[in-house]
>>> print(open('entry18.tsv').read())   # TSV, C-alpha atoms
chain	number	residue	atom	x	y	z
A	155	MET	CA	22.64	-28.26	-25.03
A	156	ALA	CA	20.56	-25.93	-22.90
A	157	HIS	CA	20.18	-26.75	-19.25
A	158	SER	CA	16.84	-27.31	-17.55
A	159	GLY	CA	15.17	-23.96	-16.92
A	160	ILE	CA	14.54	-24.59	-13.22
A	161	ASN	CA	18.28	-24.85	-12.57
A	162	VAL	CA	18.63	-21.11	-13.12
A	163	LEU	CA	16.94	-20.53	-9.75
A	164	PHE	CA	19.67	-22.36	-7.85
A	165	GLU	CA	22.80	-21.46	-9.77
A	166	GLY	CA	25.24	-19.35	-7.81
A	167	THR	CA	23.42	-16.87	-5.57
A	168	ASN	CA	20.35	-16.44	-7.79
A	169	PHE	CA	17.84	-17.72	-5.24
A	170	THR	CA	19.40	-15.68	-2.46
A	171	ARG	CA	19.32	-12.60	-4.68
A	172	LEU	CA	15.62	-13.14	-5.40
A	173	LEU	CA	14.92	-13.42	-1.68
A	174	GLY	CA	16.88	-10.21	-1.13
A	175	GLY	CA	14.81	-8.49	-3.81
A	176	LEU	CA	11.64	-9.77	-2.15
A	177	TRP	CA	12.82	-8.28	1.15
A	178	VAL	CA	13.29	-4.88	-0.55
A	179	THR	CA	9.77	-5.14	-1.99
A	180	VAL	CA	8.22	-6.08	1.35
A	181	LYS	CA	10.21	-3.45	3.27
A	182	ILE	CA	9.15	-0.62	0.98
A	183	ALA	CA	5.51	-1.75	1.10
A	184	ALA	CA	5.55	-2.17	4.90
A	185	VAL	CA	7.18	1.19	5.67
A	186	ALA	CA	4.90	2.95	3.19
A	187	LEU	CA	1.85	1.32	4.76
A	188	ILE	CA	2.86	2.31	8.29
A	189	LEU	CA	3.57	5.92	7.35
A	190	GLY	CA	0.52	6.07	5.08
A	191	LEU	CA	-1.79	4.68	7.76
A	192	ILE	CA	-0.66	7.31	10.26
A	193	LEU	CA	-1.08	10.08	7.68
A	194	GLY	CA	-4.40	8.69	6.50
A	195	ILE	CA	-5.87	8.51	9.99
A	196	VAL	CA	-4.99	12.15	10.65
A	197	LEU	CA	-6.33	13.31	7.27
A	198	GLY	CA	-9.43	11.13	7.60
A	199	VAL	CA	-10.30	12.71	10.93
A	200	LEU	CA	-9.70	16.19	9.49
A	201	ARG	CA	-12.05	15.40	6.57
A	202	THR	CA	-14.92	15.01	9.04
A	203	PHE	CA	-14.50	18.56	10.32
A	204	LYS	CA	-16.93	21.25	9.16
A	205	SER	CA	-14.37	23.53	7.49
A	206	ARG	CA	-15.24	23.61	3.78
A	207	LEU	CA	-11.80	24.86	2.77
A	208	LEU	CA	-10.05	22.09	4.69
A	209	ARG	CA	-12.31	19.43	3.23
A	210	LEU	CA	-11.79	20.82	-0.28
A	211	VAL	CA	-7.99	20.76	0.03
A	212	LEU	CA	-7.99	17.22	1.38
A	213	ARG	CA	-10.45	16.12	-1.29
A	214	LEU	CA	-8.14	17.49	-4.00
A	215	TYR	CA	-5.23	15.67	-2.39
A	216	LEU	CA	-7.21	12.42	-2.49
A	217	GLU	CA	-8.32	12.87	-6.09
A	218	PHE	CA	-4.78	13.73	-7.23
A	219	PHE	CA	-3.36	10.46	-5.93
A	220	ARG	CA	-6.44	8.53	-7.02
A	221	ILE	CA	-6.47	9.85	-10.61
A	222	VAL	CA	-2.76	10.10	-11.43
A	223	PRO	CA	-1.33	6.62	-12.23
A	224	THR	CA	1.25	5.36	-9.75
A	225	VAL	CA	3.83	4.94	-12.49
A	226	VAL	CA	3.50	8.65	-13.34
A	227	LEU	CA	3.95	9.56	-9.67
A	228	LEU	CA	7.10	7.44	-9.50
A	229	PHE	CA	8.54	9.13	-12.59
A	230	LEU	CA	7.55	12.55	-11.25
A	231	PHE	CA	9.29	12.03	-7.92
A	232	TYR	CA	12.32	10.21	-9.33
A	233	TYR	CA	13.13	12.07	-12.54
A	234	ILE	CA	11.49	15.49	-12.43
A	235	LEU	CA	11.19	16.83	-8.88
A	236	PRO	CA	14.81	16.12	-7.87
A	237	LYS	CA	16.06	18.22	-10.80
A	238	GLN	CA	13.56	21.02	-10.27
A	239	MET	CA	13.98	21.19	-6.49
A	240	ASN	CA	17.66	20.24	-6.37
A	241	PHE	CA	17.47	17.33	-3.96
A	242	ASN	CA	18.52	13.71	-4.26
A	243	LEU	CA	17.22	10.68	-2.42
A	244	PRO	CA	17.86	7.00	-3.07
A	245	ALA	CA	15.30	5.36	-5.34
A	246	ASP	CA	13.96	3.12	-2.58
A	247	GLN	CA	13.34	6.10	-0.28
A	248	LEU	CA	11.56	8.03	-3.03
A	249	ALA	CA	9.44	4.97	-3.79
A	250	THR	CA	8.54	4.67	-0.11
A	251	LEU	CA	7.57	8.36	-0.04
A	252	VAL	CA	5.35	8.03	-3.13
A	253	PHE	CA	3.62	4.93	-1.80
A	254	ALA	CA	3.17	6.48	1.66
A	255	LEU	CA	1.50	9.58	0.18
A	256	TRP	CA	-0.73	7.36	-1.96
A	257	VAL	CA	-1.67	5.16	1.00
A	258	GLY	CA	-2.33	8.27	3.09
A	259	ALA	CA	-4.74	9.59	0.47
A	260	GLU	CA	-6.63	6.30	0.12
A	261	MET	CA	-6.61	5.70	3.87
A	262	SER	CA	-8.08	9.12	4.55
A	263	ASP	CA	-11.15	8.13	2.55
A	264	ILE	CA	-11.43	4.81	4.39
A	265	VAL	CA	-11.14	6.50	7.79
A	266	ARG	CA	-13.63	9.22	6.86
A	267	GLY	CA	-16.14	6.64	5.66
A	268	ALA	CA	-15.73	4.59	8.83
A	269	LEU	CA	-16.11	7.64	11.09
A	270	ILE	CA	-19.32	8.85	9.47
A	271	SER	CA	-20.67	5.29	9.61
A	272	VAL	CA	-20.56	5.27	13.41
A	273	PRO	CA	-24.19	5.56	14.59
A	274	LYS	CA	-25.24	9.13	15.26
A	275	HIS	CA	-26.49	8.35	18.75
A	276	GLN	CA	-22.95	7.33	19.77
A	277	ARG	CA	-21.70	10.81	18.93
A	278	GLU	CA	-24.65	12.43	20.68
A	279	SER	CA	-24.11	10.30	23.76
A	280	GLY	CA	-20.46	11.35	23.94
A	281	LEU	CA	-21.37	15.02	23.67
A	282	ALA	CA	-24.10	14.58	26.28
A	283	ILE	CA	-21.62	13.41	28.91
A	284	GLY	CA	-19.39	16.41	28.26
A	285	LEU	CA	-16.67	15.01	26.01
A	286	ASN	CA	-14.78	17.56	23.95
A	287	ARG	CA	-13.90	16.95	20.28
A	288	TYR	CA	-10.59	15.27	21.03
A	289	GLN	CA	-12.12	12.97	23.66
A	290	LEU	CA	-15.06	12.18	21.40
A	291	TYR	CA	-12.79	10.99	18.62
A	292	ARG	CA	-10.37	9.16	20.91
A	293	TYR	CA	-12.84	7.31	23.13
A	294	VAL	CA	-15.98	6.98	21.00
A	295	LEU	CA	-15.61	7.44	17.24
A	296	ILE	CA	-12.14	6.08	16.38
A	297	PRO	CA	-12.41	2.83	18.43
A	298	GLN	CA	-15.70	1.97	16.72
A	299	ALA	CA	-14.46	3.06	13.31
A	300	ILE	CA	-11.44	0.73	13.50
A	301	THR	CA	-13.58	-2.40	13.20
A	302	LEU	CA	-15.28	-0.91	10.15
A	303	GLU	CA	-12.09	0.05	8.35
A	304	ILE	CA	-9.91	-3.04	8.91
A	305	PRO	CA	-11.15	-5.05	5.86
A	306	ALA	CA	-10.71	-2.08	3.51
A	307	THR	CA	-7.28	-1.36	5.00
A	308	ILE	CA	-6.13	-4.95	4.38
A	309	ASN	CA	-7.38	-4.75	0.79
A	310	LEU	CA	-5.42	-1.52	0.38
A	311	ALA	CA	-2.31	-3.32	1.67
A	312	THR	CA	-2.68	-6.01	-1.00
A	313	ARG	CA	-2.97	-3.30	-3.67
A	314	VAL	CA	0.21	-1.64	-2.42
A	315	ILE	CA	2.13	-4.91	-2.47
A	316	LYS	CA	1.00	-5.69	-6.02
A	317	THR	CA	1.80	-2.17	-7.21
A	318	THR	CA	5.40	-2.51	-6.00
A	319	SER	CA	5.92	-4.38	-9.28
A	320	LEU	CA	6.45	-0.91	-10.79
A	321	LEU	CA	9.55	-0.26	-8.69
A	322	MET	CA	11.91	-1.64	-11.32
A	323	LEU	CA	10.99	1.34	-13.53
A	324	ILE	CA	12.95	3.65	-11.24
A	325	SER	CA	15.85	1.22	-10.76
A	326	VAL	CA	14.88	-0.07	-7.33
A	327	MET	CA	16.48	-3.50	-6.84
A	328	ASP	CA	13.21	-5.23	-6.00
A	329	VAL	CA	12.36	-8.86	-6.69
A	330	ILE	CA	11.21	-8.20	-10.27
A	331	ASN	CA	14.31	-6.18	-11.16
A	332	ILE	CA	16.55	-8.91	-9.73
A	333	GLY	CA	14.55	-11.53	-11.61
A	334	GLN	CA	14.97	-9.64	-14.88
A	335	GLN	CA	18.73	-9.41	-14.36
A	336	ILE	CA	18.93	-13.16	-13.72
A	337	ILE	CA	16.91	-13.89	-16.87
A	338	GLU	CA	19.09	-11.67	-19.05
A	339	ALA	CA	22.32	-13.09	-17.64
A	340	ASN	CA	21.24	-16.71	-18.20
A	341	ASN	CA	19.18	-16.38	-21.36
A	342	HIS	CA	21.59	-18.40	-23.53
A	343	THR	CA	22.24	-21.25	-21.13
A	344	HIS	CA	18.69	-21.39	-19.73
A	345	PRO	CA	16.30	-20.17	-22.46
A	346	THR	CA	13.25	-21.41	-20.52
A	347	GLY	CA	14.48	-19.89	-17.26
A	348	VAL	CA	12.17	-16.91	-17.74
A	349	PHE	CA	9.16	-19.09	-16.93
A	350	TRP	CA	10.72	-20.40	-13.74
A	351	VAL	CA	11.98	-17.03	-12.52
A	352	TYR	CA	8.69	-15.23	-13.10
A	353	GLY	CA	6.81	-18.28	-11.85
A	354	LEU	CA	8.69	-18.03	-8.55
A	355	ILE	CA	8.05	-14.28	-8.37
A	356	PHE	CA	4.34	-14.95	-8.97
A	357	LEU	CA	4.45	-17.48	-6.11
A	358	PHE	CA	6.08	-14.91	-3.82
A	359	TYR	CA	3.37	-12.34	-4.52
A	360	PHE	CA	0.62	-14.96	-4.18
A	361	LEU	CA	1.90	-16.18	-0.80
A	362	ILE	CA	1.91	-12.61	0.52
A	363	ASP	CA	-1.32	-11.30	-1.01
A	364	TYR	CA	-3.68	-14.28	-0.85
A	365	PRO	CA	-3.68	-14.68	2.97
A	366	LEU	CA	-4.31	-10.94	3.34
A	367	SER	CA	-7.18	-11.06	0.84
A	368	TRP	CA	-8.67	-14.11	2.56
A	369	TRP	CA	-8.38	-12.40	5.96
A	370	ALA	CA	-10.11	-9.25	4.69
A	371	LYS	CA	-13.04	-11.25	3.27
A	372	ARG	CA	-13.37	-13.22	6.50
A	373	LEU	CA	-13.44	-10.07	8.63
A	374	GLU	CA	-16.03	-8.48	6.34
A	375	LYS	CA	-18.27	-11.55	6.57
A	376	ARG	CA	-18.00	-11.50	10.36
A	377	ARG	CA	-18.89	-7.82	10.48
A	378	LEU	CA	-21.92	-8.31	8.25
A	379	ALA	CA	-23.02	-11.33	10.29
A	380	ARG	CA	-22.88	-9.30	13.51
A	381	ALA	CA	-24.71	-6.41	11.86
A	382	ASN	CA	-27.49	-8.68	10.59
A	383	GLY	CA	-27.62	-10.71	13.77
>>> encode(input="entry18.tsv", output="structure tokens")
Amino acid sequence: MAHSGINVLFEGTNFTRLLGGLWVTVKIAAVALILGLILGIVLGVLRTFKSRLLRLVLRLYLEFFRIVPTVVLLFLFYYILPKQMNFNLPADQLATLVFALWVGAEMSDIVRGALISVPKHQRESGLAIGLNRYQLYRYVLIPQAITLEIPATINLATRVIKTTSLLMLISVMDVINIGQQIIEANNHTHPTGVFWVYGLIFLFYFLIDYPLSWWAKRLEKRRLARANG
């Protein structure tokens, strides 16, 4: 007689393994977001410069990561580039690199949009008091742009976390990969375990993403209320 499906979560070290897989998922997303945010801020500032060549190159970089599906990027960096360029990195590090480059591309567009949204008179006032370009960005444009870009940045973070579900395709031992292993190992004794395992994984993602989504909407409403007030 088959056991109750929920028992599969607590047999042996299954629950601990799922938590470990969740930690891998969160760690990759967090490191990628930190590196991507730094890269995106730099590229976003550069995209506001007047150089047409620079803006073209950065626009192509953005469109490449925006058009090419993330799963294709993961396969490219995991299966193809290591063989062609003769280098090897662990799957989790390659995944972090791919996600960081993707976040950097998306963040550059968010930063650029926030910078050009700063009222023109703020820029003119900074130039009038003798600020150079570096000082203008540091003391005038970037501080004001931060409040404009926070909601979009949080939404980007939720997208990154959800997209980590693709990590199992390159053998990263994330929460979904661990969950699949548990399901396959207990399929005969717990045939309904698949619903409980994936239900728990859904709960993990929901508990991480929903507060971030709620926070982003709240910040956006506050910003619009201040703008209209």
>>> residues_around(input="entry18.tsv", residues="region 288-293 of chain A", least_positions_apart="6", cutoff="12 Å", atoms="all atoms listed in the file", output="list in words")
Ile195, Val196, Gly198, Val199, Leu200, Thr202, Phe203, Val265, Arg266, Leu269, Ile270, Val272, Gln276, Arg277, Glu278, Ser279, Gly280, Leu281, Ala282, Ala299 and Ile300 of chain A
>>> closest_residue(input="entry18.tsv", among="A:Ile336, A:Ala254, A:Ala245, A:Ile304", to="Val348 (chain A)", atoms="all atoms listed in the file")
A:Ile336
>>> closest_residue(input="entry18.tsv", among="A:Ile330, A:Leu302, A:Leu248, A:Ala183", to="Leu354 (chain A)", atoms="all atoms listed in the file")
A:Ile330
>>> closest_residue(input="entry18.tsv", among="A:Leu163, A:Leu207, A:Ile332, A:Leu251", to="Leu227 (chain A)", atoms="all atoms listed in the file")
A:Leu251
>>> closest_residue(input="entry18.tsv", among="A:Val329, A:Leu378, A:Leu228, A:Leu191", to="Val257 (chain A)", atoms="all atoms listed in the file")
A:Leu191
>>> atom_distance(input="entry18.tsv", atom1="CA of Ala259 (chain A)", atom2="CA of Leu214 (chain A)")
9.7 Å
>>> atom_distance(input="entry18.tsv", atom1="CA of Lys181 (chain A)", atom2="CA of Asn161 (chain A)")
27.8 Å
>>> atom_distance(input="entry18.tsv", atom1="CA of Tyr215 (chain A)", atom2="CA of Gln298 (chain A)")
25.7 Å
>>> closest_residue(input="entry18.tsv", among="A:Leu230, A:Ala339, A:Leu173, A:Ala249", to="Phe358 (chain A)", atoms="all atoms listed in the file")
A:Leu173
>>> residues_around(input="entry18.tsv", residues="Trp256 (chain A)", least_positions_apart="2", cutoff="12 Å", atoms="all atoms listed in the file", output="PyMOL selection string")
chain A and resi 183+186-191+193-194+215-225+227-228+249-254+258-263+310-311+313-314+317
>>> write_last_selection(input="entry18.tsv", atoms="C-alpha atoms", output="PDB file, keeping the file's coordinate frame")
ATOM      1  CA  ALA A 183       5.510  -1.750   1.100  1.00  0.00           C
ATOM      2  CA  ALA A 186       4.900   2.950   3.190  1.00  0.00           C
ATOM      3  CA  LEU A 187       1.850   1.320   4.760  1.00  0.00           C
ATOM      4  CA  ILE A 188       2.860   2.310   8.290  1.00  0.00           C
ATOM      5  CA  LEU A 189       3.570   5.920   7.350  1.00  0.00           C
ATOM      6  CA  GLY A 190       0.520   6.070   5.080  1.00  0.00           C
ATOM      7  CA  LEU A 191      -1.790   4.680   7.760  1.00  0.00           C
ATOM      8  CA  LEU A 193      -1.080  10.080   7.680  1.00  0.00           C
ATOM      9  CA  GLY A 194      -4.400   8.690   6.500  1.00  0.00           C
ATOM     10  CA  TYR A 215      -5.230  15.670  -2.390  1.00  0.00           C
ATOM     11  CA  LEU A 216      -7.210  12.420  -2.490  1.00  0.00           C
ATOM     12  CA  GLU A 217      -8.320  12.870  -6.090  1.00  0.00           C
ATOM     13  CA  PHE A 218      -4.780  13.730  -7.230  1.00  0.00           C
ATOM     14  CA  PHE A 219      -3.360  10.460  -5.930  1.00  0.00           C
ATOM     15  CA  ARG A 220      -6.440   8.530  -7.020  1.00  0.00           C
ATOM     16  CA  ILE A 221      -6.470   9.850 -10.610  1.00  0.00           C
ATOM     17  CA  VAL A 222      -2.760  10.100 -11.430  1.00  0.00           C
ATOM     18  CA  PRO A 223      -1.330   6.620 -12.230  1.00  0.00           C
ATOM     19  CA  THR A 224       1.250   5.360  -9.750  1.00  0.00           C
ATOM     20  CA  VAL A 225       3.830   4.940 -12.490  1.00  0.00           C
ATOM     21  CA  LEU A 227       3.950   9.560  -9.670  1.00  0.00           C
ATOM     22  CA  LEU A 228       7.100   7.440  -9.500  1.00  0.00           C
ATOM     23  CA  ALA A 249       9.440   4.970  -3.790  1.00  0.00           C
ATOM     24  CA  THR A 250       8.540   4.670  -0.110  1.00  0.00           C
ATOM     25  CA  LEU A 251       7.570   8.360  -0.040  1.00  0.00           C
ATOM     26  CA  VAL A 252       5.350   8.030  -3.130  1.00  0.00           C
ATOM     27  CA  PHE A 253       3.620   4.930  -1.800  1.00  0.00           C
ATOM     28  CA  ALA A 254       3.170   6.480   1.660  1.00  0.00           C
ATOM     29  CA  GLY A 258      -2.330   8.270   3.090  1.00  0.00           C
ATOM     30  CA  ALA A 259      -4.740   9.590   0.470  1.00  0.00           C
ATOM     31  CA  GLU A 260      -6.630   6.300   0.120  1.00  0.00           C
ATOM     32  CA  MET A 261      -6.610   5.700   3.870  1.00  0.00           C
ATOM     33  CA  SER A 262      -8.080   9.120   4.550  1.00  0.00           C
ATOM     34  CA  ASP A 263     -11.150   8.130   2.550  1.00  0.00           C
ATOM     35  CA  LEU A 310      -5.420  -1.520   0.380  1.00  0.00           C
ATOM     36  CA  ALA A 311      -2.310  -3.320   1.670  1.00  0.00           C
ATOM     37  CA  ARG A 313      -2.970  -3.300  -3.670  1.00  0.00           C
ATOM     38  CA  VAL A 314       0.210  -1.640  -2.420  1.00  0.00           C
ATOM     39  CA  THR A 317       1.800  -2.170  -7.210  1.00  0.00           C
TER      40      THR A 317
END
>>> closest_atom_pairs(input="entry18.tsv", of="region 304-347 of chain A", to="region 359-370 of chain A", cutoff="8 Å", atoms="all atoms listed in the file", output="JSON lines")
{"residue": "A:Ile304", "atom": "CA", "partner": "A:Ala370", "partner_atom": "CA", "distance": 7.5}
{"residue": "A:Pro305", "atom": "CA", "partner": "A:Ala370", "partner_atom": "CA", "distance": 4.5}
{"residue": "A:Ala306", "atom": "CA", "partner": "A:Ala370", "partner_atom": "CA", "distance": 7.3}
{"residue": "A:Ile308", "atom": "CA", "partner": "A:Ala370", "partner_atom": "CA", "distance": 5.9}
{"residue": "A:Asn309", "atom": "CA", "partner": "A:Ser367", "partner_atom": "CA", "distance": 6.3}
{"residue": "A:Thr312", "atom": "CA", "partner": "A:Asp363", "partner_atom": "CA", "distance": 5.5}
{"residue": "A:Ile315", "atom": "CA", "partner": "A:Asp363", "partner_atom": "CA", "distance": 7.4}
{"residue": "A:Lys316", "atom": "CA", "partner": "A:Tyr359", "partner_atom": "CA", "distance": 7.2}
